[in-house]
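Here is the file coords.cif (mmCIF, C-alpha atoms and all ligand atoms).
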data_target
#
loop_
_atom_site.group_PDB
_atom_site.id
_atom_site.type_symbol
_atom_site.label_atom_id
_atom_site.label_comp_id
_atom_site.auth_asym_id
_atom_site.auth_seq_id
_atom_site.Cartn_x
_atom_site.Cartn_y
_atom_site.Cartn_z
ATOM 1 C CA MET A 1 -11.199 -22.034 -6.195
ATOM 2 C CA SER A 2 -13.772 -19.314 -5.681
ATOM 3 C CA ALA A 3 -14.677 -20.839 -2.277
ATOM 4 C CA TYR A 4 -11.005 -20.417 -1.428
ATOM 5 C CA LEU A 5 -10.982 -16.788 -2.630
ATOM 6 C CA ARG A 6 -14.208 -16.104 -0.737
ATOM 7 C CA ALA A 7 -12.687 -17.569 2.410
ATOM 8 C CA LEU A 8 -9.576 -15.385 1.963
ATOM 9 C CA ALA A 9 -11.755 -12.306 1.491
ATOM 10 C CA ALA A 10 -13.807 -13.153 4.596
ATOM 11 C CA LEU A 11 -10.613 -13.684 6.594
ATOM 12 C CA GLU A 12 -9.294 -10.287 5.546
ATOM 13 C CA SER A 13 -12.434 -8.469 6.521
ATOM 14 C CA TRP A 14 -13.255 -10.225 9.812
ATOM 15 C CA SER A 15 -11.473 -7.602 11.929
ATOM 16 C CA LEU A 16 -12.938 -4.564 10.190
ATOM 17 C CA GLU A 17 -15.950 -4.035 12.417
ATOM 18 C CA GLY A 18 -15.690 -1.076 14.741
ATOM 19 C CA ASP A 19 -13.509 1.960 14.333
ATOM 20 C CA GLN A 20 -10.267 0.658 15.772
ATOM 21 C CA VAL A 21 -6.994 1.800 14.298
ATOM 22 C CA GLU A 22 -3.522 0.618 15.068
ATOM 23 C CA PRO A 23 -1.529 3.631 16.398
ATOM 24 C CA GLU A 24 1.707 2.375 14.819
ATOM 25 C CA PHE A 25 0.046 2.315 11.379
ATOM 26 C CA LEU A 26 -1.547 5.680 11.983
ATOM 27 C CA GLU A 27 1.862 7.206 12.630
ATOM 28 C CA ALA A 28 3.109 6.093 9.188
ATOM 29 C CA TYR A 29 0.041 7.522 7.447
ATOM 30 C CA GLY A 30 0.421 10.712 9.498
ATOM 31 C CA GLU A 31 3.966 11.119 8.180
ATOM 32 C CA ALA A 32 2.652 10.901 4.604
ATOM 33 C CA ALA A 33 -0.189 13.307 5.415
ATOM 34 C CA LYS A 34 2.294 16.034 6.430
ATOM 35 C CA SER A 35 3.769 16.217 2.944
ATOM 36 C CA LEU A 36 0.360 15.807 1.290
ATOM 37 C CA ARG A 37 -0.742 18.983 3.036
ATOM 38 C CA CYS A 38 2.259 21.056 1.968
ATOM 39 C CA GLY A 39 2.767 19.505 -1.466
ATOM 40 C CA THR A 40 -0.701 19.761 -2.955
ATOM 41 C CA THR A 41 -1.679 22.624 -5.164
ATOM 42 C CA ALA A 42 -3.516 20.479 -7.723
ATOM 43 C CA PRO A 43 -7.344 20.522 -7.755
ATOM 44 C CA ARG A 44 -7.430 16.727 -7.305
ATOM 45 C CA ILE A 45 -5.472 14.480 -4.967
ATOM 46 C CA ARG A 46 -5.002 11.015 -6.404
ATOM 47 C CA ILE A 47 -4.546 8.058 -4.068
ATOM 48 C CA LEU A 48 -3.682 4.509 -5.068
ATOM 49 C CA ASP A 49 -4.508 1.726 -2.592
ATOM 50 C CA ILE A 50 -2.641 -1.390 -3.712
ATOM 51 C CA GLY A 51 -3.780 -4.767 -2.370
ATOM 52 C CA ALA A 52 -6.784 -3.113 -0.780
ATOM 53 C CA GLY A 53 -8.206 -6.470 0.420
ATOM 54 C CA GLY A 54 -11.461 -6.000 2.299
ATOM 55 C CA GLY A 55 -10.811 -2.270 2.779
ATOM 56 C CA GLY A 56 -8.651 -2.298 5.909
ATOM 57 C CA ASP A 57 -6.539 0.605 4.599
ATOM 58 C CA LEU A 58 -9.451 2.988 4.006
ATOM 59 C CA ARG A 59 -9.845 4.130 7.615
ATOM 60 C CA TYR A 60 -6.149 5.078 7.631
ATOM 61 C CA ILE A 61 -6.440 6.951 4.345
ATOM 62 C CA ARG A 62 -9.410 8.835 5.843
ATOM 63 C CA ARG A 63 -7.411 9.699 8.960
ATOM 64 C CA ALA A 64 -4.456 10.901 6.852
ATOM 65 C CA LEU A 65 -6.736 13.156 4.813
ATOM 66 C CA ASP A 66 -8.389 14.527 7.954
ATOM 67 C CA ALA A 67 -4.963 15.145 9.506
ATOM 68 C CA ALA A 68 -3.898 17.038 6.383
ATOM 69 C CA GLU A 69 -7.181 18.996 6.491
ATOM 70 C CA LEU A 70 -7.950 17.983 2.933
ATOM 71 C CA SER A 71 -11.541 17.843 1.772
ATOM 72 C CA LEU A 72 -12.691 14.410 0.603
ATOM 73 C CA THR A 73 -14.426 16.054 -2.330
ATOM 74 C CA MET A 74 -11.054 16.829 -3.912
ATOM 75 C CA VAL A 75 -9.831 13.240 -3.567
ATOM 76 C CA GLU A 76 -9.845 10.418 -6.093
ATOM 77 C CA VAL A 77 -9.073 6.873 -4.928
ATOM 78 C CA VAL A 78 -8.156 3.888 -7.070
ATOM 79 C CA ALA A 79 -8.112 0.586 -5.169
ATOM 80 C CA VAL A 80 -6.299 -2.370 -6.751
ATOM 81 C CA GLU A 81 -7.446 -5.760 -5.498
ATOM 82 C CA PRO A 82 -7.024 -8.975 -7.518
ATOM 83 C CA ASN A 83 -9.393 -11.018 -5.342
ATOM 84 C CA GLN A 84 -12.759 -9.838 -6.576
ATOM 85 C CA CYS A 85 -14.526 -11.727 -3.766
ATOM 86 C CA ALA A 86 -13.165 -8.954 -1.524
ATOM 87 C CA TRP A 87 -14.774 -6.184 -3.601
ATOM 88 C CA PRO A 88 -18.159 -6.171 -1.775
ATOM 89 C CA HIS A 89 -16.323 -5.790 1.578
ATOM 90 C CA LEU A 90 -14.219 -3.046 0.034
ATOM 91 C CA ALA A 91 -17.312 -1.233 -1.240
ATOM 92 C CA GLN A 92 -18.823 -1.416 2.241
ATOM 93 C CA GLU A 93 -15.703 0.061 3.829
ATOM 94 C CA GLN A 94 -15.635 2.790 1.196
ATOM 95 C CA LYS A 95 -19.173 3.794 2.232
ATOM 96 C CA ARG A 96 -18.016 3.972 5.858
ATOM 97 C CA TRP A 97 -14.814 5.931 5.420
ATOM 98 C CA LEU A 98 -14.627 7.561 2.018
ATOM 99 C CA SER A 99 -18.192 8.018 0.861
ATOM 100 C CA ASP A 100 -17.664 11.681 -0.032
ATOM 101 C CA VAL A 101 -14.638 11.274 -2.297
ATOM 102 C CA ALA A 102 -14.894 12.699 -5.804
ATOM 103 C CA ASP A 103 -14.220 9.308 -7.363
ATOM 104 C CA PHE A 104 -13.612 5.743 -6.145
ATOM 105 C CA ARG A 105 -12.637 3.006 -8.556
ATOM 106 C CA LEU A 106 -11.735 -0.666 -8.205
ATOM 107 C CA LEU A 107 -9.240 -2.401 -10.461
ATOM 108 C CA PRO A 108 -8.184 -6.067 -10.479
ATOM 109 C CA ASP A 109 -4.497 -5.409 -11.132
ATOM 110 C CA MET A 110 -1.822 -2.782 -11.621
ATOM 111 C CA SER A 111 -1.570 -3.333 -15.388
ATOM 112 C CA LYS A 112 -4.932 -1.524 -15.798
ATOM 113 C CA LEU A 113 -3.217 1.632 -14.571
ATOM 114 C CA CYS A 114 -1.256 1.980 -17.836
ATOM 115 C CA SER A 115 -4.107 3.991 -19.275
ATOM 116 C CA GLU A 116 -4.075 6.508 -16.392
ATOM 117 C CA ALA A 117 -2.945 9.867 -17.695
ATOM 118 C CA ASP A 118 -1.817 11.358 -14.379
ATOM 119 C CA GLY A 119 0.329 9.880 -11.687
ATOM 120 C CA PHE A 120 -0.740 9.449 -8.068
ATOM 121 C CA ASP A 121 0.148 11.743 -5.162
ATOM 122 C CA LEU A 122 0.021 8.951 -2.603
ATOM 123 C CA ALA A 123 0.201 5.167 -2.795
ATOM 124 C CA VAL A 124 -0.559 2.778 0.041
ATOM 125 C CA LEU A 125 0.868 -0.700 0.642
ATOM 126 C CA GLN A 126 -0.321 -2.347 3.826
ATOM 127 C CA HIS A 127 0.540 -6.008 4.346
ATOM 128 C CA VAL A 128 0.835 -6.646 0.608
ATOM 129 C CA LEU A 129 4.519 -7.360 -0.101
ATOM 130 C CA CYS A 130 4.101 -10.574 1.928
ATOM 131 C CA CYS A 131 1.389 -11.692 -0.530
ATOM 132 C CA ALA A 132 2.667 -10.442 -3.886
ATOM 133 C CA GLN A 133 4.205 -13.032 -6.194
ATOM 134 C CA GLN A 134 6.943 -10.638 -7.347
ATOM 135 C CA PRO A 135 7.318 -8.049 -4.576
ATOM 136 C CA ARG A 136 10.162 -6.138 -6.224
ATOM 137 C CA ASP A 137 8.231 -5.863 -9.494
ATOM 138 C CA LEU A 138 5.225 -4.624 -7.548
ATOM 139 C CA LEU A 139 7.323 -1.965 -5.824
ATOM 140 C CA GLU A 140 8.630 -0.816 -9.213
ATOM 141 C CA GLU A 141 5.076 -0.664 -10.596
ATOM 142 C CA VAL A 142 4.014 1.410 -7.602
ATOM 143 C CA ARG A 143 6.888 3.826 -8.141
ATOM 144 C CA ALA A 144 6.012 4.116 -11.831
ATOM 145 C CA ALA A 145 2.402 4.928 -10.934
ATOM 146 C CA LEU A 146 3.395 7.843 -8.686
ATOM 147 C CA LYS A 147 3.874 11.434 -9.805
ATOM 148 C CA PRO A 148 7.378 12.844 -9.421
ATOM 149 C CA GLY A 149 7.452 13.899 -5.759
ATOM 150 C CA GLY A 150 4.689 11.364 -4.946
ATOM 151 C CA GLN A 151 5.009 9.144 -1.925
ATOM 152 C CA LEU A 152 4.306 5.596 -0.848
ATOM 153 C CA VAL A 153 3.231 4.820 2.708
ATOM 154 C CA PHE A 154 3.934 1.223 3.696
ATOM 155 C CA VAL A 155 3.335 -1.098 6.633
ATOM 156 C CA GLU A 156 4.562 -4.683 6.314
ATOM 157 C CA HIS A 157 5.372 -7.587 8.598
ATOM 158 C CA VAL A 158 8.904 -8.907 8.119
ATOM 159 C CA LEU A 159 11.277 -11.734 8.856
ATOM 160 C CA ALA A 160 12.534 -11.813 12.476
ATOM 161 C CA ASP A 161 16.131 -10.843 13.154
ATOM 162 C CA ARG A 162 18.232 -14.022 13.394
ATOM 163 C CA ALA A 163 20.462 -12.668 16.177
ATOM 164 C CA LYS A 164 17.796 -10.965 18.298
ATOM 165 C CA MET A 165 14.779 -13.245 17.797
ATOM 166 C CA PRO A 166 16.044 -16.719 16.828
ATOM 167 C CA PHE A 167 13.003 -18.528 18.269
ATOM 168 C CA LEU A 168 10.549 -16.295 16.478
ATOM 169 C CA LEU A 169 12.481 -16.790 13.246
ATOM 170 C CA ALA A 170 12.328 -20.571 13.745
ATOM 171 C CA ALA A 171 8.555 -20.302 14.315
ATOM 172 C CA GLN A 172 8.139 -18.198 11.166
ATOM 173 C CA VAL A 173 10.001 -20.835 9.153
ATOM 174 C CA ALA A 174 8.021 -23.696 10.767
ATOM 175 C CA PHE A 175 4.611 -22.086 10.149
ATOM 176 C CA ARG A 176 5.497 -20.791 6.699
ATOM 177 C CA PRO A 177 3.697 -23.608 4.785
ATOM 178 C CA VAL A 178 0.479 -22.918 6.693
ATOM 179 C CA GLN A 179 0.682 -19.179 6.042
ATOM 180 C CA LEU A 180 1.612 -19.729 2.400
ATOM 181 C CA ALA A 181 -1.656 -21.623 2.020
ATOM 182 C CA LEU A 182 -3.306 -18.347 3.087
ATOM 183 C CA CYS A 183 -1.279 -16.419 0.495
ATOM 184 C CA CYS A 184 1.064 -14.822 3.019
ATOM 185 C CA ASP A 185 4.797 -15.424 3.317
ATOM 186 C CA PRO A 186 6.018 -14.679 6.869
ATOM 187 C CA CYS A 187 9.645 -14.976 5.746
ATOM 188 C CA ARG A 188 9.759 -12.050 3.304
ATOM 189 C CA ASP A 189 12.674 -9.710 3.934
ATOM 190 C CA SER A 190 10.778 -6.614 2.803
ATOM 191 C CA GLU A 191 13.142 -4.297 4.691
ATOM 192 C CA ARG A 192 15.921 -5.327 2.306
ATOM 193 C CA LEU A 193 13.601 -4.661 -0.615
ATOM 194 C CA PHE A 194 13.332 -1.027 0.458
ATOM 195 C CA GLU A 195 17.132 -0.881 0.641
ATOM 196 C CA SER A 196 17.348 -1.957 -3.013
ATOM 197 C CA GLN A 197 16.943 1.631 -4.215
ATOM 198 C CA VAL A 198 13.683 1.274 -6.076
ATOM 199 C CA PHE A 199 12.805 4.586 -4.364
ATOM 200 C CA GLU A 200 15.151 7.558 -4.100
ATOM 201 C CA GLU A 201 14.419 8.242 -0.440
ATOM 202 C CA VAL A 202 13.001 5.932 2.212
ATOM 203 C CA LYS A 203 12.153 6.698 5.841
ATOM 204 C CA LEU A 204 11.754 3.306 7.494
ATOM 205 C CA LYS A 205 11.162 2.308 11.095
ATOM 206 C CA ARG A 206 10.985 -1.162 12.646
ATOM 207 C CA PHE A 207 8.412 -1.949 15.281
ATOM 208 C CA SER A 208 6.720 -4.962 16.833
ATOM 209 C CA LEU A 209 3.021 -5.619 16.762
ATOM 210 C CA PRO A 210 1.656 -8.218 19.201
ATOM 211 C CA VAL A 211 -0.402 -10.874 17.425
ATOM 212 C CA LEU A 212 -1.931 -13.361 19.908
ATOM 213 C CA GLY A 213 0.682 -12.212 22.400
ATOM 214 C CA VAL A 214 3.629 -12.766 20.038
ATOM 215 C CA PRO A 215 5.550 -9.608 19.011
ATOM 216 C CA ILE A 216 5.617 -9.816 15.219
ATOM 217 C CA PRO A 217 8.358 -7.675 13.624
ATOM 218 C CA HIS A 218 7.080 -5.010 11.246
ATOM 219 C CA ILE A 219 8.385 -2.144 9.176
ATOM 220 C CA LYS A 220 6.581 1.070 8.372
ATOM 221 C CA GLY A 221 7.480 4.296 6.662
ATOM 222 C CA VAL A 222 7.313 6.525 3.656
ATOM 223 C CA ALA A 223 9.171 6.108 0.337
ATOM 224 C CA LEU A 224 9.548 9.094 -1.922
ATOM 225 C CA LYS A 225 9.773 9.277 -5.714
ATOM 226 C CA SER A 226 12.163 12.060 -6.644
ATOM 227 C CA GLU A 227 10.741 15.363 -7.944
ATOM 228 C CA ALA A 228 13.285 15.159 -10.725
ATOM 229 C CA ASP A 229 11.988 11.883 -12.101
ATOM 230 C CA LEU A 230 11.481 12.140 -15.828
ATOM 231 C CA THR A 231 10.559 8.582 -16.703
ATOM 232 C CA LYS A 232 6.841 9.388 -17.013
ATOM 233 C CA THR A 233 7.197 12.736 -18.709
ATOM 234 C CA TRP A 234 9.758 11.707 -21.357
ATOM 235 C CA ARG A 235 8.121 12.380 -24.708
ATOM 236 C CA GLY A 236 10.816 11.394 -27.155
ATOM 237 C CA PRO A 237 13.613 13.443 -28.739
ATOM 238 C CA LEU A 238 13.131 17.130 -29.583
ATOM 239 C CA THR A 239 12.505 18.098 -33.180
ATOM 240 C CA VAL A 240 15.216 20.165 -34.884
ATOM 241 C CA GLU A 241 12.980 23.286 -34.629
ATOM 242 C CA GLU A 242 12.471 22.740 -30.887
ATOM 243 C CA PHE A 243 16.191 22.109 -30.400
ATOM 244 C CA LEU A 244 17.098 25.332 -32.121
HETATM 245 C C1 LIG A 301 -3.138 -9.339 3.617
HETATM 246 S S1 LIG A 301 -4.110 -8.550 2.449
HETATM 247 C C2 LIG A 301 -4.044 -6.875 2.991
HETATM 248 C C3 LIG A 301 -5.287 -6.130 2.739
HETATM 249 C C4 LIG A 301 -5.268 -4.666 3.205
HETATM 250 N N1 LIG A 301 -4.174 -3.954 2.627
HETATM 251 C C5 LIG A 301 -5.226 -4.572 4.700
HETATM 252 O O1 LIG A 301 -4.167 -4.305 5.264
HETATM 253 O O2 LIG A 301 -6.275 -4.810 5.310
HETATM 254 C C6 LIG A 301 -3.108 -8.474 0.975
HETATM 255 C C7 LIG A 301 -3.889 -8.209 -0.277
HETATM 256 O O3 LIG A 301 -2.962 -7.965 -1.349
HETATM 257 C C8 LIG A 301 -3.521 -8.479 -2.536
HETATM 258 N N2 LIG A 301 -2.434 -8.667 -3.524
HETATM 259 C C9 LIG A 301 -1.568 -9.697 -3.623
HETATM 260 N N3 LIG A 301 -0.721 -9.510 -4.667
HETATM 261 C C10 LIG A 301 -1.061 -8.324 -5.229
HETATM 262 C C11 LIG A 301 -0.557 -7.580 -6.333
HETATM 263 N N4 LIG A 301 0.468 -8.015 -7.082
HETATM 264 N N5 LIG A 301 -1.149 -6.404 -6.640
HETATM 265 C C12 LIG A 301 -2.175 -5.940 -5.899
HETATM 266 N N6 LIG A 301 -2.693 -6.602 -4.836
HETATM 267 C C13 LIG A 301 -2.149 -7.786 -4.502
HETATM 268 C C14 LIG A 301 -4.214 -9.758 -2.105
HETATM 269 O O4 LIG A 301 -5.236 -10.135 -2.995
HETATM 270 C C15 LIG A 301 -4.743 -9.377 -0.725
HETATM 271 O O5 LIG A 301 -6.091 -8.980 -0.756
#
How does the structure come out when it is put into structure tokens?
Amino acid sequence: MSAYLRALAALESWSLEGDQVEPEFLEAYGEAAKSLRCGTTAPRIRILDIGAGGGGDLRYIRRALDAAELSLTMVEVVAVEPNQCAWPHLAQEQKRWLSDVADFRLLPDMSKLCSEADGFDLAVLQHVLCCAQQPRDLLEEVRAALKPGGQLVFVEHVLADRAKMPFLLAAQVAFRPVQLALCCDPCRDSERLFESQVFEEVKLKRFSLPVLGVPIPHIKGVALKSEADLTKTWRGPLTVEEFL
């Protein structure tokens, strides 16, 4: 099993050499950066990178922080990655892109976040909903981990449109077993998941990304947790003295 996990980790990190960034992804992170810049008055900015893999998201996080003119020294990053064979790759990418952050921690799963006192300002999901066993549950966990007013930036590949891309859809269905063996479901309808109102506000855009010459349908955007959310600050009923 660990040979399998090592192979998955190696596969995820094979394209990380160099400084290349995908402009479509960068645009989504840039959108999140705009609100980070205007919304942050706190001394620390807390970022949660979910399904961090071999560290492919870190260069985008760095770019978003640079775009928002935020110093790395005021940033804390928590990366959640269940495949611990990917952790050495992740640590290497952290040295490249986020070496000056105030704190960088690795966790094996989201449940370890329960002990975190504060919520996160920004969460990142990049090509993770296709891998997660319970994608809706994961989205709910991400929302719960955010501060009120916090935002999630996401980039995911999605199921092809039946009417517009029937052949691509057929290919996704045909190759699904192969991709499932690599822990990735090409037939996830993640766009619908964002319509299911886990988040109060979602800005979502579809785009195609050529992979080996084939335009693979993707979604990207920013999902916002309402400022008025009280689920994390609820502290039980008032005492009679407080009520009066
Ligand atoms: C395709 S990789 C993407 C890695 C990275 N985000 C990137 O774009 O380079 C998806 C990663 O999500 C992780 N993953 C799967 N289910 C997860 C879950 N429930 N919580 C956190 N991470 C998960 C996998 O272990 C895998 O490393």
Legend entry - Exercise: Asp103 in chain A partners within 9 Å, all atoms listed in the file, chain neighbours under 5 positions left out, as a PyMOL selection string: chain A and resi 73-78
Legend entry - Result set of the PyMOL selection byres (((chain A and resi 68) around 7) and not hetatm) on the coordinates above, as JSON, numbers by chain: {"A": [33, 34, 36, 37, 64, 65, 66, 67, 69, 70]}
Preceding selection exported with C-alpha atoms as a short mmCIF file (atom, residue, chain, number, x, y, z; two decimals), keeping the file's coordinate frame:
data_model
loop_
_atom_site.label_atom_id
_atom_site.label_comp_id
_atom_site.auth_asym_id
_atom_site.auth_seq_id
_atom_site.Cartn_x
_atom_site.Cartn_y
_atom_site.Cartn_z
CA ALA A 33 -0.19 13.31 5.42
CA LYS A 34 2.29 16.03 6.43
CA LEU A 36 0.36 15.81 1.29
CA ARG A 37 -0.74 18.98 3.04
CA ALA A 64 -4.46 10.90 6.85
CA LEU A 65 -6.74 13.16 4.81
CA ASP A 66 -8.39 14.53 7.95
CA ALA A 67 -4.96 15.14 9.51
CA GLU A 69 -7.18 19.00 6.49
CA LEU A 70 -7.95 17.98 2.93
#
Given all atoms listed in the file, how would the per-residue table for chain A near ligand LIG 301 (chain A) read, listing every residue at most 8 Å away with its closest atom pair and distance in Å to one decimal, sorted by chain and number, as CSV?
residue,atom,partner,partner_atom,distance
A:Leu8,CA,A:LIG301,O5,7.8
A:Ala9,CA,A:LIG301,O5,6.9
A:Glu12,CA,A:LIG301,O2,6.3
A:Ser13,CA,A:LIG301,O2,7.3
A:Asp49,CA,A:LIG301,N1,7.7
A:Ile50,CA,A:LIG301,C12,5.1
A:Gly51,CA,A:LIG301,N6,3.3
A:Ala52,CA,A:LIG301,N1,4.4
A:Gly53,CA,A:LIG301,O5,3.5
A:Gly54,CA,A:LIG301,O2,6.1
A:Gly55,CA,A:LIG301,O2,5.8
A:Gly56,CA,A:LIG301,O2,3.5
A:Asp57,CA,A:LIG301,C5,5.3
A:Val80,CA,A:LIG301,C12,5.5
A:Glu81,CA,A:LIG301,N6,4.9
A:Pro82,CA,A:LIG301,O4,5.0
A:Asn83,CA,A:LIG301,O4,4.9
A:Ala86,CA,A:LIG301,O5,7.1
A:Pro108,CA,A:LIG301,C12,7.6
A:Asp109,CA,A:LIG301,N5,5.7
A:Met110,CA,A:LIG301,N5,6.2
A:Leu125,CA,A:LIG301,N1,6.3
A:Gln126,CA,A:LIG301,N1,4.3
A:His127,CA,A:LIG301,C2,4.9
A:Val128,CA,A:LIG301,C6,4.4
A:Leu129,CA,A:LIG301,N3,7.3
A:Cys130,CA,A:LIG301,C1,7.5
A:Cys131,CA,A:LIG301,C9,4.7
A:Ala132,CA,A:LIG301,N3,3.6
A:Gln133,CA,A:LIG301,N3,6.2
A:Gln134,CA,A:LIG301,N4,7.0
A:Pro135,CA,A:LIG301,N4,7.3
A:Leu138,CA,A:LIG301,N4,5.9
A:Cys183,CA,A:LIG301,C14,7.7
A:Cys184,CA,A:LIG301,C1,6.9
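Counting all atoms listed in the file and comparing A:His89, A:Asp118, A:Val153, A:Gln172, the residue that lies closest to Trp14 in chain A is A:His89.
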Inset, instruction - To verify the selection step, state as a PyMOL selection string which residues the PyMOL selection byres (((chain A and resi 217-227) around 9) and not hetatm) yields on this input. - result: chain A and resi 24-25+27-29+31-32+126+143-144+146-161+190-191+194+198-210+215-216+228-230
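When CA of Arg46 in chain A is paired with CA of Trp87 in chain A, their separation reads 20.0 Å.
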Inset, instruction - Output the residue selection produced by the PyMOL selection byres (((chain A and resi 96) around 12) and not hetatm) on the file above, formatted as JSON, numbers by chain. - result: {"A": [16, 17, 18, 19, 55, 56, 58, 59, 62, 89, 90, 91, 92, 93, 94, 95, 97, 98, 99, 100, 101]}
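With CA of Ala123 in chain A on one side and CA of Pro43 in chain A on the other, the separation reads 17.8 Å.
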Legend entry - Among listed residues A:Ala7, A:Leu212, A:Arg136, A:Leu168, nearest Ser196 in chain A (using all atoms listed in the file):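 Selected residue with least distance to Ser196 in chain A: A:Arg136.
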Inset, instruction - Work out how far CA of Ala181 in chain A is from CA of Val124 in chain A, in Å to one decimal. - result: 24.5 Å
Legend entry - Given all atoms listed in the file as the counted atoms, nearest of A:Leu139, A:Cys114, A:Leu107, A:Glu22 to Leu193 in chain A: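 Nearest to Leu193 in chain A: A:Leu139.
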